[in-house]
Amino acid sequence: MSERSWGHEASPGSEEQPGVTLNIGGQRFTLDGHLLSRFPETRLAHLARCTCPEISRSLCDDFDPRSGEFYFDRDPLVFRTIAMLFFEGEIHMGRGVCPICFKSELDFWHVDASFLDECCRSSFSEKERELSEIACRVELALSDKARVGESITVRARKVLWQLMESPDSSFLARLIAVFSFLLVVVSSVVLCLSTIPELQVPDEDGLPGEHPALSLVETVCICWFTLEYVLRFTAAPRKLRFVLAFMNVVDALAIIPYYTGLALSDLGKRSSGTSSLSNVQQAVQALRIMRVARILKLARHSSGLQMLTYALRGSFKELSLLLLYLTLGIFLFSALGYTFEQSHPKTLFTSIPHAFWWAIITMTTVGYGDIYPQTYLGKMNAAVSFLCGILAIALPIHPIINNFVKYYNKQKVLETAVKHQLDRLALDDHMQGFAQQRWSDLSLRAEGHGHPCDPDDECVPFLDLEVKAPHVVMRTPC
């Protein structure tokens, strides 16, 4: 058992404060009372000021009056970093220390997290945000589950919400999610097939229209999408938040064009003017193109697409930097290309805005070939432009990939933590119900023999109820 003495000599005339001897996990530390008084709100400062033995015992795990040692069953390595607060006024979290465990140590010693230095505060704050997110997810999952004592309407709404929103909640919910996913794929395939001329059928006006079989499949898909949206809206706990959510807006955009097209088609049949009929038909064709938004519904059933979206949102700075590089390069090389190509009699660079297109397809290494330089200086400018374009595109790619991997791993950890927490809560409820049932059975058995069972009676023995569960062995007293 090692011993460390941290303190300083008292200056003449200063009020003498006794030192505190601590035994942290088998290692002995001695701290000067003057140091502990610098932060009076901490547990050690209260321990140094306390003169009542009973209060002192309440502040530690054990106390030896002969040696004057206060015993704490805590991590001595973490305590070293926390004890540096009294010397340096700030704390540095040790390498390899779990931030969650470090937070529990800070709470035990009554040390505020604001004393962490800036170099350690970022990772610590990130873990705190993860913990709060886990707590929010667990609370949301618990609030969505039906509970005993609730009204039939509330329980039915929660069950319906679980079916439509949580594919992992039951086998039926998983079937609904798979069926919806397949209909999205079928609807997207039908949209593509409807544009093939050989599969189109002329309508009453002789214009090409959708095949009746494809129209029937489209109608079936739209009926399911509409029913799904209505059921989810009915079961949503917060209606306004549901309507304004991004994925729900996508669902609405996938449904509305179909009904709007039907209304416009009916309006066109009733109108007698040729020009108005042509405008209605053009509007219907434009609404059919909007059905492309239906493919975005796949993101609801694919966690990978959702993570990619969040990763791109988190990489906004890198993407902005990429666009800035490309914008500067496009303006610079298009102006140089226009200037160098003016000497050629058959120049294709008629203006700087016209040269923007050439700069865009050159810097992005597409190169359609519809516009190209013909002078030596123009070709040198083109060579430099596509080399700069490769560098401008390649530089932000690595941070974007890192952000995606980081967010992907973080989401997997959060999902596992939430599932583990829900399993623990379910197991606790199960154990509590099991213990209550065993206690009621024992009480009934004791009353049958004429000896009522009193939990406070010392003659009542403990029941050795070993309830074995994964990593849990619970012994419940009578």
# chains A, B, ... in the order shown; residues from 1 in each chain; ligands from 1
$ select_by_dssp --residues "segment 158-355 of chain A" --states "helix (DSSP H, G or I)" --output "ChimeraX atom specification"
/A:158-165,171-193,197-199,212-235,239-244,246-270,274-301,303-314,316-341,352-355
$ atom_distance --atom1 "atom CA of Lys410 of chain A" --atom2 "atom CA of Lys158 of chain A"
28.1 Å
$ closest_residue --among "A:Val189, A:Ala335, A:Ala245, A:Leu116" --to "Trp357 of chain A" --atoms "only C-alpha atoms"
A:Ala335
$ residues_around --residues "segment 72-86 of chain A" --least-positions-apart "3" --cutoff "10 Å" --atoms "only C-alpha atoms" --output "PyMOL selection string"
chain A and resi 6-7+22-29+31-32+34-39+44+59-63+69+89-94+97+101-102+105-106+108-109+111+115-116
$ residues_around --residues "segment 411-415 of chain A" --least-positions-apart "6" --cutoff "12 Å" --atoms "only C-alpha atoms" --output "list in words"
Lys127, Arg129, Glu130, Leu131, Ser132, Glu133, Ile134, Ala135, Cys136, Arg137, Val138, Ala141, Asp168, Ser303, Gly304, Gln306, Met307, Leu308, Tyr310, Ala311, Phe404, Val405, Gln421 and Leu422 of chain A
$ select_by_dssp --residues "segment 153-265 of chain A" --states "strand (DSSP E or B)" --output "ChimeraX atom specification"
/A:201-202,208-209
$ write_last_selection --atoms "N, CA, C and O atoms" --output "JSON list (two decimals), in the first residue's frame"
[["chain", "number", "residue", "atom", "x", "y", "z"],
["A", 201, "VAL", "N", -50.41, 3.45, -73.79],
["A", 201, "VAL", "CA", -51.67, 3.28, -74.54],
["A", 201, "VAL", "C", -52.24, 4.66, -74.82],
["A", 201, "VAL", "O", -52.33, 5.48, -73.90],
["A", 202, "PRO", "N", -52.63, 4.95, -76.07],
["A", 202, "PRO", "CA", -53.21, 6.27, -76.37],
["A", 202, "PRO", "C", -54.55, 6.47, -75.68],
["A", 202, "PRO", "O", -55.35, 5.55, -75.57],
["A", 208, "PRO", "N", -50.29, 9.72, -75.65],
["A", 208, "PRO", "CA", -49.83, 8.51, -74.97],
["A", 208, "PRO", "C", -50.14, 8.59, -73.47],
["A", 208, "PRO", "O", -49.92, 9.62, -72.82],
["A", 209, "GLY", "N", -50.64, 7.48, -72.93],
["A", 209, "GLY", "CA", -50.97, 7.41, -71.51],
["A", 209, "GLY", "C", -50.48, 6.10, -70.91],
["A", 209, "GLY", "O", -49.93, 5.23, -71.61]]
